[in-house]
file coords20.pdb (PDB, C-alpha atoms)
ATOM      1  CA  MET A   1      18.745 -26.798  11.461
ATOM      2  CA  VAL A   2      22.292 -25.487  11.338
ATOM      3  CA  ALA A   3      24.202 -23.257   8.979
ATOM      4  CA  ALA A   4      26.233 -25.039   6.296
ATOM      5  CA  LYS A   5      29.813 -24.252   5.281
ATOM      6  CA  GLU A   6      30.123 -22.825   1.755
ATOM      7  CA  PRO A   7      32.340 -20.534  -0.326
ATOM      8  CA  PHE A   8      31.130 -16.967  -0.628
ATOM      9  CA  PRO A   9      28.231 -17.101  -3.159
ATOM     10  CA  THR A  10      28.490 -15.274  -6.457
ATOM     11  CA  LYS A  11      24.850 -15.713  -7.456
ATOM     12  CA  LEU A  12      21.648 -16.450  -5.540
ATOM     13  CA  SER A  13      17.923 -16.185  -6.287
ATOM     14  CA  PRO A  14      15.597 -14.549  -3.730
ATOM     15  CA  MET A  15      12.750 -16.416  -2.075
ATOM     16  CA  LEU A  16       9.352 -15.227  -3.331
ATOM     17  CA  ALA A  17       5.969 -14.538  -1.714
ATOM     18  CA  ARG A  18       2.460 -15.461  -2.781
ATOM     19  CA  MET A  19      -0.489 -13.075  -2.680
ATOM     20  CA  GLY A  20      -3.071 -13.756   0.022
ATOM     21  CA  ASP A  21      -4.982 -12.579   3.062
ATOM     22  CA  VAL A  22      -3.257 -11.994   6.382
ATOM     23  CA  PRO A  23      -2.728 -15.479   7.872
ATOM     24  CA  LYS A  24      -3.934 -16.315  11.381
ATOM     25  CA  GLY A  25      -2.050 -18.142  14.118
ATOM     26  CA  ASP A  26       1.098 -17.820  16.192
ATOM     27  CA  GLU A  27       3.450 -19.350  13.639
ATOM     28  CA  TRP A  28       3.903 -16.157  11.612
ATOM     29  CA  ALA A  29       6.052 -13.033  11.729
ATOM     30  CA  PHE A  30       5.094  -9.917   9.800
ATOM     31  CA  GLU A  31       7.112  -7.275   7.994
ATOM     32  CA  ILE A  32       6.275  -4.119   6.070
ATOM     33  CA  LYS A  33       6.074  -4.563   2.289
ATOM     34  CA  TRP A  34       8.303  -1.907   0.779
ATOM     35  CA  ASP A  35       7.378  -0.229  -2.502
ATOM     36  CA  GLY A  36      10.753  -0.640  -4.203
ATOM     37  CA  VAL A  37      12.754  -3.177  -6.218
ATOM     38  CA  ARG A  38      14.105  -6.442  -4.849
ATOM     39  CA  ALA A  39      17.883  -6.729  -4.652
ATOM     40  CA  LEU A  40      20.588  -8.883  -3.092
ATOM     41  CA  ALA A  41      23.638  -7.231  -1.508
ATOM     42  CA  PHE A  42      26.878  -9.264  -1.641
ATOM     43  CA  ALA A  43      29.227  -7.663   0.921
ATOM     44  CA  ASP A  44      32.652  -9.332   0.940
ATOM     45  CA  HIS A  45      35.380  -7.851   3.172
ATOM     46  CA  GLY A  46      34.651  -4.217   2.380
ATOM     47  CA  GLU A  47      33.529  -4.689  -1.236
ATOM     48  CA  LEU A  48      29.873  -4.514  -2.252
ATOM     49  CA  ARG A  49      28.112  -6.005  -5.253
ATOM     50  CA  MET A  50      24.401  -5.473  -5.844
ATOM     51  CA  ALA A  51      22.291  -7.814  -7.977
ATOM     52  CA  SER A  52      18.681  -7.536  -9.097
ATOM     53  CA  ARG A  53      16.080 -10.244  -8.586
ATOM     54  CA  ARG A  54      16.969 -11.597 -12.039
ATOM     55  CA  GLY A  55      20.712 -11.568 -11.287
ATOM     56  CA  GLU A  56      21.503  -8.367 -13.214
ATOM     57  CA  GLU A  57      24.530  -6.399 -12.018
ATOM     58  CA  ILE A  58      23.198  -3.122 -10.567
ATOM     59  CA  THR A  59      26.095  -2.013  -8.329
ATOM     60  CA  PRO A  60      27.036   1.129 -10.327
ATOM     61  CA  ARG A  61      23.411   2.267 -10.316
ATOM     62  CA  TYR A  62      23.328   2.866  -6.536
ATOM     63  CA  PRO A  63      26.781   4.115  -5.432
ATOM     64  CA  GLU A  64      25.495   5.396  -2.076
ATOM     65  CA  LEU A  65      24.996   1.787  -0.949
ATOM     66  CA  ALA A  66      28.733   0.990  -1.002
ATOM     67  CA  GLY A  67      28.907   1.924   2.676
ATOM     68  CA  ILE A  68      27.052  -1.267   3.603
ATOM     69  CA  ALA A  69      30.211  -3.301   3.010
ATOM     70  CA  THR A  70      32.323  -0.637   4.684
ATOM     71  CA  GLN A  71      30.237  -0.909   7.850
ATOM     72  CA  LEU A  72      30.525  -4.702   7.814
ATOM     73  CA  GLY A  73      34.311  -4.424   7.527
ATOM     74  CA  ASP A  74      36.058  -7.800   7.320
ATOM     75  CA  ARG A  75      32.832  -9.770   7.433
ATOM     76  CA  ALA A  76      31.232 -11.528   4.449
ATOM     77  CA  ALA A  77      27.448 -11.430   4.141
ATOM     78  CA  VAL A  78      24.688 -11.727   1.544
ATOM     79  CA  LEU A  79      21.626  -9.643   2.362
ATOM     80  CA  ASP A  80      18.156  -9.870   0.872
ATOM     81  CA  GLY A  81      16.188  -6.658   0.740
ATOM     82  CA  GLU A  82      14.608  -3.873  -1.239
ATOM     83  CA  VAL A  83      16.013  -0.722  -2.825
ATOM     84  CA  VAL A  84      13.582   2.044  -1.870
ATOM     85  CA  ALA A  85      13.212   5.772  -2.571
ATOM     86  CA  PHE A  86      11.490   7.652   0.257
ATOM     87  CA  THR A  87       9.476  10.850  -0.007
ATOM     88  CA  LYS A  88      10.171  13.761   2.338
ATOM     89  CA  LYS A  89       7.437  12.333   4.566
ATOM     90  CA  GLY A  90       9.266   9.011   4.804
ATOM     91  CA  VAL A  91       6.865   7.080   2.575
ATOM     92  CA  PRO A  92       8.299   4.740  -0.102
ATOM     93  CA  SER A  93       7.583   5.963  -3.644
ATOM     94  CA  PHE A  94       8.012   3.689  -6.631
ATOM     95  CA  GLN A  95       7.579   6.673  -8.933
ATOM     96  CA  LEU A  96      10.547   8.402  -7.287
ATOM     97  CA  LEU A  97      12.586   5.222  -7.617
ATOM     98  CA  GLN A  98      11.887   5.199 -11.364
ATOM     99  CA  ARG A  99      14.350   8.096 -11.647
ATOM    100  CA  ARG A 100      17.156   5.776 -10.548
ATOM    101  CA  MET A 101      16.247   2.568 -12.371
ATOM    102  CA  GLY A 102      17.928   1.573 -15.619
ATOM    103  CA  LEU A 103      20.605   4.287 -15.609
ATOM    104  CA  THR A 104      24.045   3.395 -16.970
ATOM    105  CA  ASP A 105      25.749   6.750 -17.617
ATOM    106  CA  PRO A 106      27.909   7.712 -14.579
ATOM    107  CA  ARG A 107      27.105  11.404 -14.935
ATOM    108  CA  ALA A 108      23.355  10.748 -15.022
ATOM    109  CA  ILE A 109      23.655   8.398 -12.046
ATOM    110  CA  ASP A 110      25.552  11.018 -10.033
ATOM    111  CA  GLN A 111      23.026  13.731 -10.870
ATOM    112  CA  ARG A 112      20.000  11.589 -10.049
ATOM    113  CA  ARG A 113      21.656  10.389  -6.840
ATOM    114  CA  ARG A 114      21.921  13.992  -5.666
ATOM    115  CA  GLU A 115      18.252  14.563  -6.488
ATOM    116  CA  THR A 116      16.827  11.225  -5.313
ATOM    117  CA  ALA A 117      18.795   9.092  -2.873
ATOM    118  CA  VAL A 118      17.859   5.463  -2.269
ATOM    119  CA  THR A 119      17.876   3.267   0.830
ATOM    120  CA  PHE A 120      18.556  -0.463   1.007
ATOM    121  CA  VAL A 121      16.063  -2.074   3.380
ATOM    122  CA  ALA A 122      17.572  -5.385   4.545
ATOM    123  CA  PHE A 123      15.105  -8.034   5.731
ATOM    124  CA  ASP A 124      16.935 -11.367   5.436
ATOM    125  CA  LEU A 125      20.390 -12.920   5.630
ATOM    126  CA  LEU A 126      21.477 -15.631   3.162
ATOM    127  CA  HIS A 127      25.171 -16.074   3.986
ATOM    128  CA  LEU A 128      27.469 -15.031   6.822
ATOM    129  CA  ASP A 129      31.230 -15.503   7.190
ATOM    130  CA  GLY A 130      31.650 -18.692   5.219
ATOM    131  CA  GLU A 131      28.357 -20.316   6.133
ATOM    132  CA  SER A 132      25.023 -20.544   4.351
ATOM    133  CA  THR A 133      22.305 -19.221   6.660
ATOM    134  CA  ARG A 134      19.581 -20.290   4.234
ATOM    135  CA  PRO A 135      18.901 -23.618   6.032
ATOM    136  CA  LEU A 136      18.248 -21.747   9.291
ATOM    137  CA  LEU A 137      14.690 -21.025  10.358
ATOM    138  CA  TYR A 138      13.361 -17.488  10.034
ATOM    139  CA  PRO A 139      13.879 -16.387  13.700
ATOM    140  CA  MET A 140      17.510 -17.516  13.637
ATOM    141  CA  ARG A 141      18.219 -15.658  10.392
ATOM    142  CA  ARG A 142      16.570 -12.532  11.764
ATOM    143  CA  GLU A 143      18.626 -12.715  14.954
ATOM    144  CA  LEU A 144      21.850 -12.941  12.962
ATOM    145  CA  LEU A 145      20.726 -10.124  10.665
ATOM    146  CA  GLU A 146      19.856  -7.826  13.538
ATOM    147  CA  GLY A 147      23.196  -8.683  15.142
ATOM    148  CA  LEU A 148      24.942  -6.997  12.202
ATOM    149  CA  ALA A 149      23.422  -3.678  13.392
ATOM    150  CA  LEU A 150      23.091  -2.369   9.847
ATOM    151  CA  ASP A 151      22.029   1.248  10.205
ATOM    152  CA  GLY A 152      23.319   4.065   8.044
ATOM    153  CA  ASP A 153      22.254   7.045   5.979
ATOM    154  CA  TYR A 154      21.320   4.781   3.054
ATOM    155  CA  TRP A 155      20.584   1.388   4.629
ATOM    156  CA  GLN A 156      18.542  -0.001   7.498
ATOM    157  CA  THR A 157      17.108  -3.173   9.019
ATOM    158  CA  PRO A 158      13.472  -2.453   9.982
ATOM    159  CA  ALA A 159      11.898  -4.318  12.872
ATOM    160  CA  ASN A 160       9.522  -7.202  12.284
ATOM    161  CA  HIS A 161       6.369  -8.011  14.239
ATOM    162  CA  VAL A 162       5.447 -11.342  15.802
ATOM    163  CA  GLY A 163       1.768 -11.469  16.684
ATOM    164  CA  PRO A 164      -1.524 -10.571  15.010
ATOM    165  CA  GLY A 165      -0.792  -9.407  11.486
ATOM    166  CA  GLU A 166      -3.843  -7.146  11.350
ATOM    167  CA  ASP A 167      -2.105  -4.756  13.766
ATOM    168  CA  LEU A 168       0.804  -4.195  11.399
ATOM    169  CA  LEU A 169      -1.556  -4.009   8.413
ATOM    170  CA  ASP A 170      -3.506  -1.240  10.150
ATOM    171  CA  ALA A 171      -0.255   0.583  10.899
ATOM    172  CA  ALA A 172       0.772   0.263   7.243
ATOM    173  CA  ARG A 173      -2.609   1.633   6.198
ATOM    174  CA  ARG A 174      -2.250   4.674   8.462
ATOM    175  CA  ARG A 175       1.218   5.428   7.079
ATOM    176  CA  GLY A 176       0.121   5.058   3.474
ATOM    177  CA  LEU A 177       2.343   2.017   2.877
ATOM    178  CA  GLU A 178       1.860  -0.749   0.318
ATOM    179  CA  GLY A 179       1.060  -3.617   2.667
ATOM    180  CA  ILE A 180       2.748  -6.364   4.697
ATOM    181  CA  VAL A 181       4.486  -9.717   4.212
ATOM    182  CA  ALA A 182       3.842 -12.714   6.501
ATOM    183  CA  LYS A 183       6.664 -15.225   6.978
ATOM    184  CA  ARG A 184       6.360 -18.589   8.709
ATOM    185  CA  LEU A 185       8.591 -18.903  11.745
ATOM    186  CA  ASP A 186       9.463 -22.507  10.859
ATOM    187  CA  SER A 187      10.536 -21.711   7.305
ATOM    188  CA  PRO A 188      14.106 -21.904   6.017
ATOM    189  CA  TYR A 189      15.080 -19.624   3.155
ATOM    190  CA  ARG A 190      14.016 -21.464   0.005
ATOM    191  CA  GLU A 191      16.092 -19.890  -2.726
ATOM    192  CA  GLY A 192      14.097 -18.986  -5.836
ATOM    193  CA  LYS A 193      10.936 -20.700  -4.539
ATOM    194  CA  ARG A 194       7.376 -19.433  -4.056
ATOM    195  CA  THR A 195       6.038 -21.942  -1.535
ATOM    196  CA  GLY A 196       3.375 -20.052   0.396
ATOM    197  CA  GLU A 197       5.593 -19.788   3.468
ATOM    198  CA  TRP A 198       5.815 -16.092   2.610
ATOM    199  CA  ILE A 199       2.475 -14.352   1.949
ATOM    200  CA  LYS A 200       2.126 -10.736   0.821
ATOM    201  CA  THR A 201      -1.017  -8.741   1.552
ATOM    202  CA  ARG A 202      -1.486  -5.453  -0.275
ATOM    203  CA  LEU A 203      -3.724  -2.603   0.823
ATOM    204  CA  TRP A 204      -4.760  -1.991  -2.776
ATOM    205  CA  LYS A 205      -4.706  -4.045  -5.944
ATOM    206  CA  ARG A 206      -1.398  -3.684  -7.675
ATOM    207  CA  GLN A 207       0.865  -5.957  -9.701
ATOM    208  CA  GLU A 208       3.016  -6.241 -12.799
ATOM    209  CA  PHE A 209       1.584  -6.686 -16.302
ATOM    210  CA  VAL A 210       3.116  -7.444 -19.684
ATOM    211  CA  ILE A 211       2.680  -4.766 -22.338
ATOM    212  CA  GLY A 212       1.235  -6.311 -25.512
ATOM    213  CA  GLY A 213       0.372  -3.176 -27.448
ATOM    214  CA  TYR A 214      -0.886   0.395 -27.291
ATOM    215  CA  ILE A 215      -3.466   2.805 -28.616
ATOM    216  CA  PRO A 216      -1.889   5.874 -30.297
ATOM    217  CA  GLY A 217      -2.568   9.155 -28.554
ATOM    218  CA  GLU A 218      -4.476  12.176 -29.725
ATOM    219  CA  GLY A 219      -3.838  15.888 -29.412
ATOM    220  CA  SER A 220      -0.619  16.491 -27.468
ATOM    221  CA  ARG A 221       0.041  12.721 -27.563
ATOM    222  CA  SER A 222      -0.360  12.440 -31.327
ATOM    223  CA  GLY A 223       2.237  10.055 -32.739
ATOM    224  CA  ARG A 224       3.016   8.742 -29.284
ATOM    225  CA  VAL A 225       1.574   6.230 -26.830
ATOM    226  CA  GLY A 226      -1.910   7.155 -25.670
ATOM    227  CA  SER A 227      -2.753   4.101 -23.583
ATOM    228  CA  LEU A 228      -1.144   0.716 -22.990
ATOM    229  CA  LEU A 229      -2.693  -2.674 -23.699
ATOM    230  CA  VAL A 230      -1.593  -5.028 -20.939
ATOM    231  CA  GLY A 231      -1.978  -8.671 -20.021
ATOM    232  CA  TYR A 232      -0.633 -11.561 -18.004
ATOM    233  CA  TRP A 233       0.337 -15.178 -18.693
ATOM    234  CA  ASP A 234      -2.053 -17.937 -17.721
ATOM    235  CA  LYS A 235       0.796 -19.938 -16.144
ATOM    236  CA  ARG A 236       4.411 -19.494 -15.141
ATOM    237  CA  PRO A 237       6.962 -21.477 -17.199
ATOM    238  CA  GLU A 238       7.564 -23.972 -14.383
ATOM    239  CA  GLU A 239       3.826 -24.716 -14.185
ATOM    240  CA  LEU A 240       3.502 -25.807 -17.804
ATOM    241  CA  LYS A 241       2.881 -29.428 -18.652
ATOM    242  CA  LYS A 242       4.734 -31.196 -21.459
ATOM    243  CA  ARG A 243       4.019 -29.648 -24.884
ATOM    244  CA  GLU A 244       1.929 -26.923 -23.215
ATOM    245  CA  ARG A 245       2.684 -23.275 -23.938
ATOM    246  CA  GLN A 246       1.952 -20.066 -22.121
ATOM    247  CA  LYS A 247      -1.106 -18.055 -23.179
ATOM    248  CA  LEU A 248      -1.225 -14.287 -22.834
ATOM    249  CA  VAL A 249      -4.503 -13.032 -21.319
ATOM    250  CA  PHE A 250      -5.715  -9.513 -22.124
ATOM    251  CA  ALA A 251      -6.292  -7.444 -18.958
ATOM    252  CA  GLY A 252      -7.327  -4.071 -20.400
ATOM    253  CA  GLY A 253      -6.014  -0.633 -21.291
ATOM    254  CA  VAL A 254      -4.017   1.706 -19.053
ATOM    255  CA  GLY A 255      -4.046   5.373 -19.982
ATOM    256  CA  SER A 256      -3.579   7.349 -16.765
ATOM    257  CA  GLY A 257      -0.556   7.840 -14.546
ATOM    258  CA  MET A 258       2.084   8.178 -17.270
ATOM    259  CA  THR A 259       4.399  11.196 -17.211
ATOM    260  CA  GLU A 260       5.770  12.827 -20.364
ATOM    261  CA  ASP A 261       9.060  11.014 -19.768
ATOM    262  CA  ASP A 262       7.181   7.717 -19.453
ATOM    263  CA  ILE A 263       5.347   8.348 -22.727
ATOM    264  CA  ASP A 264       8.564   9.249 -24.572
ATOM    265  CA  PHE A 265      10.303   6.121 -23.274
ATOM    266  CA  LEU A 266       7.391   3.822 -24.054
ATOM    267  CA  THR A 267       6.862   5.263 -27.510
ATOM    268  CA  LYS A 268      10.491   4.600 -28.438
ATOM    269  CA  GLU A 269      10.646   1.117 -26.900
ATOM    270  CA  LEU A 270       7.269  -0.100 -28.166
ATOM    271  CA  LYS A 271       7.785   1.131 -31.727
ATOM    272  CA  ALA A 272      10.962  -0.959 -31.804
ATOM    273  CA  ARG A 273       8.939  -4.040 -30.768
ATOM    274  CA  ARG A 274       6.025  -3.660 -33.186
ATOM    275  CA  ARG A 275       4.413  -6.793 -34.647
ATOM    276  CA  GLU A 276       1.556  -7.279 -37.096
ATOM    277  CA  ASP A 277      -0.666  -9.640 -35.100
ATOM    278  CA  SER A 278      -1.979  -9.544 -31.544
ATOM    279  CA  PRO A 279       0.139 -11.308 -28.898
ATOM    280  CA  PHE A 280      -2.968 -11.887 -26.772
ATOM    281  CA  ASP A 281      -4.212 -15.476 -26.876
ATOM    282  CA  ILE A 282      -7.228 -14.866 -24.634
ATOM    283  CA  GLY A 283      -9.312 -11.690 -24.898
ATOM    284  CA  ALA A 284      -8.715  -8.626 -27.037
ATOM    285  CA  PRO A 285      -9.156  -4.842 -26.915
ATOM    286  CA  ARG A 286     -12.688  -3.726 -27.721
ATOM    287  CA  GLY A 287     -14.457  -0.503 -28.577
ATOM    288  CA  PRO A 288     -14.027   2.123 -31.285
ATOM    289  CA  LYS A 289     -10.269   2.488 -30.740
ATOM    290  CA  ALA A 290      -9.535  -1.240 -30.961
ATOM    291  CA  ARG A 291      -9.160  -1.084 -34.742
ATOM    292  CA  ILE A 292      -6.218   1.340 -34.436
ATOM    293  CA  ALA A 293      -4.426  -0.736 -31.793
ATOM    294  CA  ILE A 294      -0.728  -1.292 -32.424
ATOM    295  CA  PHE A 295       0.592  -4.611 -31.130
ATOM    296  CA  VAL A 296       4.086  -5.318 -29.849
ATOM    297  CA  GLU A 297       6.207  -8.248 -28.729
ATOM    298  CA  PRO A 298       5.340  -8.914 -25.046
ATOM    299  CA  GLU A 299       8.802  -8.142 -23.694
ATOM    300  CA  LEU A 300       8.269  -5.148 -21.395
ATOM    301  CA  VAL A 301       6.736  -5.189 -17.913
ATOM    302  CA  CYS A 302       4.982  -2.332 -16.142
ATOM    303  CA  GLU A 303       3.355  -2.014 -12.744
ATOM    304  CA  VAL A 304      -0.305  -1.011 -12.500
ATOM    305  CA  ALA A 305      -2.665  -0.125  -9.647
ATOM    306  CA  TRP A 306      -6.442  -0.536 -10.016
ATOM    307  CA  THR A 307      -9.645  -0.781  -7.989
ATOM    308  CA  GLU A 308     -11.077  -4.152  -9.006
ATOM    309  CA  TRP A 309     -11.457  -6.720 -11.770
ATOM    310  CA  THR A 310     -14.533  -6.255 -13.952
ATOM    311  CA  ALA A 311     -16.911  -9.097 -14.820
ATOM    312  CA  GLU A 312     -15.172  -9.240 -18.229
ATOM    313  CA  GLY A 313     -11.820  -9.853 -16.553
ATOM    314  CA  THR A 314     -10.288  -6.442 -17.209
ATOM    315  CA  LEU A 315      -8.929  -3.760 -14.884
ATOM    316  CA  ARG A 316     -11.250  -1.075 -13.504
ATOM    317  CA  GLN A 317      -9.725   2.416 -13.077
ATOM    318  CA  PRO A 318      -6.149   1.319 -13.788
ATOM    319  CA  ALA A 319      -3.209   3.686 -13.287
ATOM    320  CA  PHE A 320       0.347   3.247 -14.562
ATOM    321  CA  LYS A 321       2.917   3.187 -11.737
ATOM    322  CA  GLY A 322       6.164   2.563 -13.586
ATOM    323  CA  MET A 323       8.309   0.118 -15.520
ATOM    324  CA  ARG A 324       9.686  -3.060 -13.922
ATOM    325  CA  VAL A 325      13.036  -3.881 -15.493
ATOM    326  CA  ASP A 326      13.680  -6.323 -12.645
ATOM    327  CA  LYS A 327      10.862  -8.714 -13.606
ATOM    328  CA  ASP A 328      10.979 -11.475 -16.223
ATOM    329  CA  PRO A 329       7.949 -11.002 -18.513
ATOM    330  CA  ARG A 330       7.341 -14.771 -18.605
ATOM    331  CA  ASP A 331       6.826 -14.830 -14.817
ATOM    332  CA  VAL A 332       3.945 -12.318 -14.867
ATOM    333  CA  VAL A 333       0.685 -14.039 -13.930
ATOM    334  CA  ARG A 334      -2.549 -12.841 -12.334
ATOM    335  CA  GLU A 335      -1.932 -12.615  -8.580
ATOM    336  CA  ASP A 336      -5.478 -12.486  -7.220
TER     337      ASP A 336
END

call {"tool": "encode", "arguments": {"input": "coords20.pdb", "output": "structure tokens"}}
result
Amino acid sequence: MVAAKEPFPTKLSPMLARMGDVPKGDEWAFEIKWDGVRALAFADHGELRMASRRGEEITPRYPELAGIATQLGDRAAVLDGEVVAFTKKGVPSFQLLQRRMGLTDPRAIDQRRRETAVTFVAFDLLHLDGESTRPLLYPMRRELLEGLALDGDYWQTPANHVGPGEDLLDAARRRGLEGIVAKRLDSPYREGKRTGEWIKTRLWKRQEFVIGGYIPGEGSRSGRVGSLLVGYWDKRPEELKKRERQKLVFAGGVGSGMTEDDIDFLTKELKARRREDSPFDIGAPRGPKARIAIFVEPELVCEVAWTEWTAEGTLRQPAFKGMRVDKDPRDVVRED
């Protein structure tokens, strides 16, 4: 395969990974899975534009990343990667990153930037100097990406690993990282597709869920959110047959892990989305508190970690990890 001539892209959709075990064989390369938010960096002759996975303009949100285009100079490149906030020990923290997500006020952005800087971790190359690199196979794209020598205070290109994936998974486990991603060596970059040529393996159960309601709090949480009622869609929109509609499946309640700021934000946003009937088509909250459940339009997405699925199909020991403004609620399905 060869690169194809094209004008500099203004919009692209990232390739997606499926959940799965670490694949065997020599036809795979492995990368660390970073606990951040997916983003595309459009660097065009010294000017940078950042876009979220859904195509949202996020450039003003991360001003420290402007130097990526400066380093590339007169070159034109589109990079696929992850915006990550690292702890002082060098471990990615999604909770830290929450402080930077969704901000629009320049003064708040500047203040939070000083408190919590972000790093753009580049792991793929979609366009370079007037040519689409997406038709190229993975090793060729990686070679071109590494040739850009992107390394700065707020951006980097981590190494990948060709060989047994269990080795990198063990290394990720020792460092307290989220997991790894396997990528087939013979795979081009399939824009917006989830083909199974990329497979993500997490070290703990964690994914996004749609918020369909909440249980009001008690005591210090009186009048505010006490716990969230979350679920997932039975199918993605593109998987639906003619005249078929998505069904929202109840996955349980999530009451731990929320900060006071999280509770204030959720209380405001969920009250504005209140509805009279349950949005859940399959399953429902149970127990003494179920009768006081408040239901909402399933428009917000949060990330949750948990230990296992119960026999009833709900989450055991779930913990709230943060909001995901970069995910389309209609794309949230059960991943394992």

call {"tool": "closest_atom_pairs", "arguments": {"input": "coords20.pdb", "of": "segment 15-51 of chain A", "to": "segment 177-192 of chain A", "cutoff": "6 Å", "atoms": "all atoms listed in the file", "output": "Markdown table"}}
result
| residue | atom | partner | partner_atom | distance |
| --- | --- | --- | --- | --- |
| A:Met15 | CA | A:Gly192 | CA | 4.8 |
| A:Glu27 | CA | A:Leu185 | CA | 5.5 |
| A:Trp28 | CA | A:Arg184 | CA | 4.5 |
| A:Ala29 | CA | A:Lys183 | CA | 5.3 |
| A:Phe30 | CA | A:Ala182 | CA | 4.5 |
| A:Glu31 | CA | A:Val181 | CA | 5.2 |
| A:Ile32 | CA | A:Ile180 | CA | 4.4 |
| A:Lys33 | CA | A:Ile180 | CA | 4.5 |

call {"tool": "residues_around", "arguments": {"input": "coords20.pdb", "residues": "Val78 of chain A", "least_positions_apart": "4", "cutoff": "7 Å", "atoms": "only C-alpha atoms", "output": "ChimeraX atom specification"}}
result
/A:40-43,125-128

call {"tool": "atom_distance", "arguments": {"input": "coords20.pdb", "atom1": "atom CA of Lys242 of chain A", "atom2": "atom CA of Arg194 of chain A"}}
result
21.2 Å

call {"tool": "atom_distance", "arguments": {"input": "coords20.pdb", "atom1": "atom CA of Gly213 of chain A", "atom2": "atom CA of Lys321 of chain A"}}
result
17.1 Å

call {"tool": "resolve_selection", "arguments": {"input": "coords20.pdb", "expression": "the PyMOL selection byres ((chain A and resi 70-77) around 10)", "output": "JSON, numbers by chain"}}
result
{"A": [8, 9, 41, 42, 43, 44, 45, 46, 47, 48, 65, 66, 67, 68, 69, 78, 79, 80, 125, 126, 127, 128, 129, 130, 131, 132, 133, 145, 148, 149, 150, 151, 152]}

call {"tool": "write_last_selection", "arguments": {"input": "coords20.pdb", "atoms": "C-alpha atoms", "output": "tab-separated table (two decimals), in the coordinates of the input"}}
result
chain	number	residue	atom	x	y	z
A	8	PHE	CA	31.13	-16.97	-0.63
A	9	PRO	CA	28.23	-17.10	-3.16
A	41	ALA	CA	23.64	-7.23	-1.51
A	42	PHE	CA	26.88	-9.26	-1.64
A	43	ALA	CA	29.23	-7.66	0.92
A	44	ASP	CA	32.65	-9.33	0.94
A	45	HIS	CA	35.38	-7.85	3.17
A	46	GLY	CA	34.65	-4.22	2.38
A	47	GLU	CA	33.53	-4.69	-1.24
A	48	LEU	CA	29.87	-4.51	-2.25
A	65	LEU	CA	25.00	1.79	-0.95
A	66	ALA	CA	28.73	0.99	-1.00
A	67	GLY	CA	28.91	1.92	2.68
A	68	ILE	CA	27.05	-1.27	3.60
A	69	ALA	CA	30.21	-3.30	3.01
A	78	VAL	CA	24.69	-11.73	1.54
A	79	LEU	CA	21.63	-9.64	2.36
A	80	ASP	CA	18.16	-9.87	0.87
A	125	LEU	CA	20.39	-12.92	5.63
A	126	LEU	CA	21.48	-15.63	3.16
A	127	HIS	CA	25.17	-16.07	3.99
A	128	LEU	CA	27.47	-15.03	6.82
A	129	ASP	CA	31.23	-15.50	7.19
A	130	GLY	CA	31.65	-18.69	5.22
A	131	GLU	CA	28.36	-20.32	6.13
A	132	SER	CA	25.02	-20.54	4.35
A	133	THR	CA	22.30	-19.22	6.66
A	145	LEU	CA	20.73	-10.12	10.66
A	148	LEU	CA	24.94	-7.00	12.20
A	149	ALA	CA	23.42	-3.68	13.39
A	150	LEU	CA	23.09	-2.37	9.85
A	151	ASP	CA	22.03	1.25	10.20
A	152	GLY	CA	23.32	4.07	8.04

call {"tool": "closest_atom_pairs", "arguments": {"input": "coords20.pdb", "of": "segment 261-298 of chain A", "to": "segment 92-114 of chain A", "cutoff": "12 Å", "atoms": "all atoms listed in the file", "output": "JSON lines"}}
result
{"residue": "A:Asp261", "atom": "CA", "partner": "A:Arg99", "partner_atom": "CA", "distance": 10.1}
{"residue": "A:Asp262", "atom": "CA", "partner": "A:Gln98", "partner_atom": "CA", "distance": 9.7}
{"residue": "A:Phe265", "atom": "CA", "partner": "A:Gly102", "partner_atom": "CA", "distance": 11.7}

call {"tool": "atom_distance", "arguments": {"input": "coords20.pdb", "atom1": "atom CA of Asp35 of chain A", "atom2": "atom CA of Lys235 of chain A"}}
result
24.9 Å

call {"tool": "closest_residue", "arguments": {"input": "coords20.pdb", "among": "A:Cys302, A:Ile215, A:Leu12, A:Met140", "to": "Lys289 of chain A", "atoms": "all atoms listed in the file"}}
result
A:Ile215

call {"tool": "residues_around", "arguments": {"input": "coords20.pdb", "residues": "Ala293 of chain A", "least_positions_apart": "3", "cutoff": "10 Å", "atoms": "all atoms listed in the file", "output": "list in words"}}
result
Gly213, Tyr214, Ile215, Pro216, Ser227, Leu228, Leu229, Ser278, Pro285, Arg286, Lys289, Ala290 and Val296 of chain A

call {"tool": "resolve_selection", "arguments": {"input": "coords20.pdb", "expression": "the PyMOL selection byres ((chain A and resi 51) around 12)", "output": "count of residues only"}}
result
33

call {"tool": "closest_residue", "arguments": {"input": "coords20.pdb", "among": "A:Asp21, A:Asp26, A:Glu303, A:Glu297", "to": "Phe209 of chain A", "atoms": "only C-alpha atoms"}}
result
A:Glu303

call {"tool": "residues_around", "arguments": {"input": "coords20.pdb", "residues": "Arg334 of chain A", "least_positions_apart": "4", "cutoff": "9 Å", "atoms": "all atoms listed in the file", "output": "CSV table (one decimal) with C-alpha atoms, in the coordinates of the input"}}
result
chain,number,residue,atom,x,y,z
A,207,GLN,CA,0.9,-6.0,-9.7
A,208,GLU,CA,3.0,-6.2,-12.8
A,209,PHE,CA,1.6,-6.7,-16.3
A,231,GLY,CA,-2.0,-8.7,-20.0
A,232,TYR,CA,-0.6,-11.6,-18.0
A,233,TRP,CA,0.3,-15.2,-18.7
A,234,ASP,CA,-2.1,-17.9,-17.7
A,235,LYS,CA,0.8,-19.9,-16.1

call {"tool": "resolve_selection", "arguments": {"input": "coords20.pdb", "expression": "the PyMOL selection byres ((chain A and resi 329-331) around 6)", "output": "PDB file with C-alpha atoms, keeping the file's coordinate frame"}}
result
ATOM      1  CA  ARG A 236       4.411 -19.494 -15.141  1.00  0.00           C
ATOM      2  CA  GLU A 299       8.802  -8.142 -23.694  1.00  0.00           C
ATOM      3  CA  VAL A 301       6.736  -5.189 -17.913  1.00  0.00           C
ATOM      4  CA  ASP A 328      10.979 -11.475 -16.223  1.00  0.00           C
ATOM      5  CA  VAL A 332       3.945 -12.318 -14.867  1.00  0.00           C
TER       6      VAL A 332
END
